[in-house]
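Asks: Please find final.txt (compact mmCIF, C-alpha atoms) on the next line:
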```txt
# COMPACT_ATOMS: atom_id res chain seq x y z
CA MET A 784 1.09 13.69 -14.14
CA ARG A 785 0.91 10.09 -12.98
CA ALA A 786 3.91 7.78 -12.94
CA VAL A 787 4.84 4.18 -12.18
CA ILE A 788 8.27 3.07 -11.00
CA ALA A 789 9.87 -0.31 -11.67
CA GLU A 790 13.11 -0.77 -9.70
CA ASP A 791 14.15 -3.87 -7.77
CA SER A 792 16.40 -2.00 -5.31
CA VAL A 793 14.06 -0.99 -2.48
CA LEU A 794 16.26 1.87 -1.30
CA LEU A 795 16.62 3.37 -4.77
CA ARG A 796 12.91 2.92 -5.40
CA ILE A 797 12.06 4.85 -2.23
CA GLY A 798 14.41 7.61 -3.35
CA LEU A 799 12.87 7.73 -6.82
CA VAL A 800 9.38 8.03 -5.34
CA LYS A 801 10.52 11.05 -3.32
CA VAL A 802 12.16 12.67 -6.35
CA LEU A 803 9.10 12.18 -8.55
CA GLU A 804 6.83 13.59 -5.86
CA MET A 805 9.14 16.60 -5.60
CA ALA A 806 8.74 17.04 -9.35
CA GLY A 807 4.95 17.09 -9.01
CA PHE A 808 4.24 13.55 -10.23
CA GLU A 809 1.71 11.29 -8.56
CA VAL A 810 3.34 7.87 -8.15
CA VAL A 811 0.37 5.56 -8.69
CA ALA A 812 2.32 2.29 -8.48
CA GLU A 813 5.79 0.98 -7.69
CA THR A 814 7.13 -2.49 -8.34
CA GLY A 815 10.33 -4.51 -8.40
CA ASP A 816 9.84 -6.57 -11.55
CA ALA A 817 8.73 -6.32 -15.18
CA GLU A 818 5.52 -8.30 -14.66
CA GLY A 819 4.39 -5.88 -11.99
CA LEU A 820 5.33 -2.94 -14.22
CA LEU A 821 3.19 -4.14 -17.14
CA ALA A 822 0.25 -4.79 -14.84
CA ALA A 823 0.57 -1.31 -13.31
CA VAL A 824 0.72 0.41 -16.70
CA GLU A 825 -2.33 -1.49 -17.92
CA ALA A 826 -4.25 -0.62 -14.76
CA HIS A 827 -3.31 3.07 -14.45
CA ARG A 828 -2.28 4.22 -17.96
CA PRO A 829 0.25 6.66 -16.47
CA GLU A 830 1.96 9.48 -18.34
CA LEU A 831 5.41 8.17 -17.35
CA ALA A 832 7.05 4.82 -16.57
CA LEU A 833 10.44 4.93 -14.88
CA VAL A 834 12.06 1.57 -15.55
CA ASP A 835 15.25 -0.20 -14.44
CA VAL A 836 16.93 -1.99 -17.35
CA ARG A 837 17.78 -5.13 -15.37
CA MET A 838 15.19 -6.67 -13.05
CA PRO A 839 14.15 -10.08 -11.70
CA PRO A 840 14.13 -12.88 -12.50
CA GLY A 841 17.08 -12.86 -14.91
CA PHE A 842 18.59 -9.41 -14.31
CA THR A 843 19.37 -9.04 -18.02
CA ASP A 844 17.01 -7.01 -20.21
CA GLU A 845 13.63 -7.51 -18.51
CA GLY A 846 13.09 -3.77 -18.16
CA VAL A 847 13.90 -3.07 -21.80
CA ARG A 848 11.53 -5.75 -23.06
CA ALA A 849 8.79 -4.41 -20.81
CA ALA A 850 9.49 -0.87 -22.03
CA LEU A 851 9.16 -1.98 -25.65
CA MET A 852 5.81 -3.59 -24.87
CA ILE A 853 4.63 -0.40 -23.18
CA ARG A 854 5.64 1.73 -26.16
CA GLN A 855 3.74 -0.61 -28.48
CA GLU A 856 0.60 -1.14 -26.41
CA SER A 857 0.41 2.13 -24.45
CA PRO A 858 2.01 4.82 -26.66
CA GLY A 859 0.58 7.51 -24.40
CA THR A 860 2.97 6.39 -21.65
CA ALA A 861 6.45 7.89 -21.91
CA VAL A 862 9.33 5.65 -20.81
CA LEU A 863 12.57 6.59 -19.08
CA LEU A 864 15.05 3.72 -18.68
CA LEU A 865 17.64 3.73 -15.91
CA SER A 866 20.82 1.67 -16.15
CA GLN A 867 23.86 1.09 -13.95
CA TYR A 868 26.15 1.01 -16.99
CA VAL A 869 26.16 2.25 -20.58
CA GLU A 870 24.36 -0.46 -22.57
CA GLU A 871 24.02 1.17 -25.95
CA ARG A 872 22.15 -1.70 -27.60
CA TYR A 873 19.27 -1.26 -25.16
CA ALA A 874 19.02 2.43 -26.01
CA ALA A 875 19.08 1.52 -29.70
CA ASP A 876 16.26 -1.02 -29.18
CA LEU A 877 14.07 1.59 -27.53
CA LEU A 878 14.81 4.22 -30.16
CA ALA A 879 14.12 1.76 -32.99
CA THR A 880 10.41 1.63 -32.11
CA GLN A 881 7.86 3.52 -34.19
CA THR A 882 6.75 5.62 -31.19
CA ARG A 883 10.05 7.17 -30.22
CA ALA A 884 8.95 10.51 -28.83
CA GLY A 885 8.75 10.46 -25.06
CA VAL A 886 11.71 8.19 -24.44
CA GLY A 887 14.80 8.49 -22.30
CA TYR A 888 17.83 6.48 -21.24
CA LEU A 889 19.95 7.67 -18.32
CA LEU A 890 22.62 6.22 -16.09
CA LYS A 891 21.52 5.82 -12.47
CA GLN A 892 24.29 8.14 -11.33
CA ARG A 893 22.35 11.03 -12.91
CA VAL A 894 19.69 10.69 -10.20
CA ALA A 895 22.16 12.31 -7.78
CA ASP A 896 21.76 15.62 -9.64
CA VAL A 897 18.15 15.99 -8.57
CA GLU A 898 17.39 19.21 -10.44
CA GLU A 899 18.74 17.89 -13.75
CA PHE A 900 17.04 14.54 -13.24
CA ILE A 901 13.67 16.20 -12.59
CA ASP A 902 14.13 18.24 -15.76
CA ALA A 903 14.72 15.00 -17.69
CA LEU A 904 11.61 13.41 -16.16
CA ARG A 905 9.41 16.32 -17.16
CA ARG A 906 10.90 16.50 -20.64
CA VAL A 907 10.31 12.82 -21.37
CA ALA A 908 6.81 12.88 -19.88
CA SER A 909 6.00 15.81 -22.18
CA GLY A 910 7.05 13.87 -25.29
CA GLY A 911 10.70 14.89 -25.51
CA THR A 912 13.91 12.89 -25.20
CA ALA A 913 16.55 12.58 -22.51
CA LEU A 914 19.65 10.60 -23.32
CA ASP A 915 22.71 10.23 -21.16
CA PRO A 916 25.77 11.96 -22.65
CA GLN A 917 27.69 8.68 -22.42
CA VAL A 918 24.97 6.92 -24.41
CA VAL A 919 25.11 9.62 -27.09
CA ALA A 920 28.87 9.16 -27.31
CA GLN A 921 28.46 5.41 -27.77
CA LEU A 922 25.86 5.91 -30.51
CA LEU A 923 28.23 8.25 -32.33
CA LEU A 924 31.03 5.67 -32.18
CA ARG A 925 28.66 2.96 -33.46
CA ARG A 926 27.84 4.73 -36.70
CA GLY A 927 29.72 3.46 -39.72
CA GLY A 928 29.45 3.82 -43.49
CA PRO A 929 27.98 6.89 -45.21
CA ASP A 930 27.00 9.49 -42.65
CA PRO A 931 23.49 10.88 -43.22
CA LEU A 932 24.54 13.91 -41.21
CA ALA A 933 27.55 14.71 -43.37
CA ARG A 934 26.02 18.00 -44.48
CA LEU A 935 26.23 19.37 -40.95
CA THR A 936 29.17 21.47 -39.82
CA PRO A 937 31.16 20.35 -36.75
CA ARG A 938 29.41 23.02 -34.67
CA GLU A 939 25.99 21.90 -35.89
CA ARG A 940 26.83 18.33 -34.93
CA GLU A 941 27.79 19.56 -31.47
CA VAL A 942 24.47 21.35 -31.17
CA LEU A 943 22.55 18.29 -32.36
CA ALA A 944 24.40 16.02 -29.91
CA LEU A 945 23.40 18.33 -27.06
CA MET A 946 19.82 18.35 -28.36
CA ALA A 947 19.94 14.54 -28.21
CA GLU A 948 20.87 14.78 -24.54
CA GLY A 949 17.71 16.82 -24.10
CA ARG A 950 19.33 20.23 -23.55
CA SER A 951 17.26 23.36 -24.03
CA ASN A 952 18.53 26.22 -26.22
CA ALA A 953 19.68 27.99 -23.08
CA GLY A 954 21.49 24.86 -21.88
CA ILE A 955 23.20 24.41 -25.26
CA ALA A 956 24.25 28.06 -25.27
CA ALA A 957 25.76 27.74 -21.80
CA GLU A 958 27.62 24.53 -22.72
CA LEU A 959 29.08 25.98 -25.94
CA VAL A 960 29.55 29.50 -24.55
CA VAL A 961 27.56 31.14 -27.33
CA SER A 962 24.37 33.20 -27.43
CA GLU A 963 20.92 31.65 -27.56
CA SER A 964 20.32 33.39 -30.89
CA ALA A 965 23.41 31.65 -32.29
CA VAL A 966 22.04 28.32 -31.08
CA ALA A 967 18.68 29.05 -32.72
CA LYS A 968 20.42 29.77 -36.03
CA HIS A 969 22.35 26.50 -35.83
CA ILE A 970 19.15 24.58 -35.10
CA ASN A 971 17.32 26.16 -38.04
CA SER A 972 20.26 25.24 -40.26
CA ILE A 973 20.13 21.66 -38.95
CA PHE A 974 16.42 21.44 -39.79
CA ALA A 975 17.07 22.68 -43.32
CA LYS A 976 20.03 20.38 -43.97
CA LEU A 977 18.15 17.32 -42.69
CA ASP A 978 15.18 18.16 -44.95
CA LEU A 979 12.79 18.10 -42.03
CA PRO A 980 9.21 19.11 -42.86
CA GLN A 981 7.74 22.37 -41.64
CA ALA A 982 6.08 21.75 -38.28
CA ASP A 983 6.07 23.19 -34.81
CA GLY A 984 9.56 23.70 -33.40
CA ASP A 985 9.32 21.03 -30.73
CA HIS A 986 8.21 18.36 -33.21
CA ARG A 987 11.03 19.12 -35.65
CA ARG A 988 13.45 19.12 -32.73
CA VAL A 989 12.43 15.56 -31.85
CA LEU A 990 12.66 14.49 -35.51
CA ALA A 991 16.16 15.94 -35.76
CA VAL A 992 17.28 14.11 -32.63
CA LEU A 993 15.85 10.81 -33.90
CA ARG A 994 17.55 11.33 -37.26
CA PHE A 995 20.81 11.88 -35.40
CA LEU A 996 20.41 8.80 -33.22
CA ASP A 997 19.38 6.20 -35.75
CA GLY A 998 21.23 7.49 -38.79
CA THR A 999 18.14 7.54 -41.02
CA PRO A 1000 19.09 9.26 -44.30
```
Output the structure of this file as structure tokens.

Replies:
Amino acid sequence: MRAVIAEDSVLLRIGLVKVLEMAGFEVVAETGDAEGLLAAVEAHRPELALVDVRMPPGFTDEGVRAALMIRQESPGTAVLLLSQYVEERYAADLLATQTRAGVGYLLKQRVADVEEFIDALRRVASGGTALDPQVVAQLLLRRGGPDPLARLTPREREVLALMAEGRSNAGIAAELVVSESAVAKHINSIFAKLDLPQADGDHRRVLAVLRFLDGTP
């Protein structure tokens, strides 16, 4: 898979290139600003764009705005945002788009766990989601009013939160100290309670996560 990297810190960008190459990606372009990112995506149509939230010239939300443009104009390019801090509104902006499969939002500190970070890269590039646990927690705190997920049991909500982080069934089982078959039963129950249409398992998994994140009834 081909990837572009947009990160203004030269040292971090060099490190990200190495990590992506370790993961089997071909880094076709790297840049330090949003303008360069958009030009690179248009030129190469990569499978993945790894994007810093804050970049020159304003160091505010340049990366997010560029990511939204990419999701609109190049839906075949998955986007993984990296941020120094939890900025929940940026995650919400990205997840509010119509093409929400193949998106991720992680804190930069997660890069230090190379194996887990590579897993997140591959998952997003393949059309899945990867959200930082701290971002998931913020999104949960944000929700007010009637809860569209009220039909779920506390355990099912735990399972769905871990799904939102991008955990596999095995990863969820290890975190909750239960069997994988128990996790599968919880997930099937979640699908039923959220009235998700019959489809392949991966697609319904993404739909369930998006339902969880944006509170769509």

Asks: Using only C-alpha atoms, pick whichever of A:Ala812, A:Leu889, A:Leu863, A:Val961 has the shortest atom-to-atom distance to A:Arg796.

Replies: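 Of all the options, A:Ala812 lies closest to A:Arg796.
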
Asks: Measuring between only C-alpha atoms, which one of A:Leu959, A:Met784, A:Leu935, A:Leu890 shows the shortest distance to A:Val918?

Replies: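 Among the listed residues, the smallest separation from A:Val918 belongs to A:Leu890.
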
Asks: With only C-alpha atoms as the atoms that count, which of A:Glu825, A:Phe974, A:Ser792, A:Glu941 lies nearest to A:Glu958?

Replies: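 Once distances to A:Glu958 are computed over only C-alpha atoms, the minimum belongs to A:Glu941.
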
Asks: Might you pull out every residue within 10 Å of A:Ala789, with only C-alpha atoms counted and same-chain residues fewer than 4 positions away left off, and present them as a list in words?

Replies: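 Once the adjacent positions are removed, what remains is Arg796, Leu799, Ala812, Glu813, Thr814, Gly815, Asp816, Ala817, Glu818, Gly819, Leu820, Leu821, Ala823, Ala832, Leu833, Val834, Asp835, Val836, Arg837, Met838, Gly846, Leu864 and Leu865 of chain A.
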
Asks: Enter the distance from atom CA of A:Gly807 to atom CA of A:Val907, in Å, rounded to one decimal.

Replies: 14.1 Å

Asks: Find the residue from A:Glu899, A:Asp876, A:Glu939, A:Glu948 that sits nearest to A:Asn971; use all atoms listed in the file when measuring.

Replies: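 Of all the options, A:Glu939 lies closest to A:Asn971.
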
Asks: Which residue is closest to A:Val894? Choose from A:Ala975, A:Gln855, A:Val787, A:Ser866 and count all atoms listed in the file.

Replies: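 Result for the nearest residue to A:Val894: A:Ser866.
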
Asks: What gap, in Å, lies between atom CA of A:Ser964 and atom CA of A:Ala944?

Replies: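 Computing it gives 17.9 Å between the two atoms.
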
Asks: One decimal, Å: what's the distance from atom CA of A:Ser857 over to atom CA of A:Arg906, could you say?

Replies: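 Spanning atom CA of A:Ser857 to atom CA of A:Arg906 is a straight-line distance of 18.2 Å.
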
Asks: With only C-alpha atoms as the atoms that count, which of A:Val810, A:Pro829, A:Gly887, A:Ala965 lies nearest to A:Asp902?

Replies: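 Closest candidate: A:Gly887.
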
Asks: Kindly provide, as AutoDock Vina command-line options, the centre and edge lengths (Å, one decimal) of an axis-aligned box around all atoms of stretch 829-841 of chain A given in the file, with 8 Å on each side.

Replies:
```
--center_x 9.0 --center_y -1.7 --center_z -15.0 --size_x 33.5 --size_y 38.4 --size_z 22.6
```
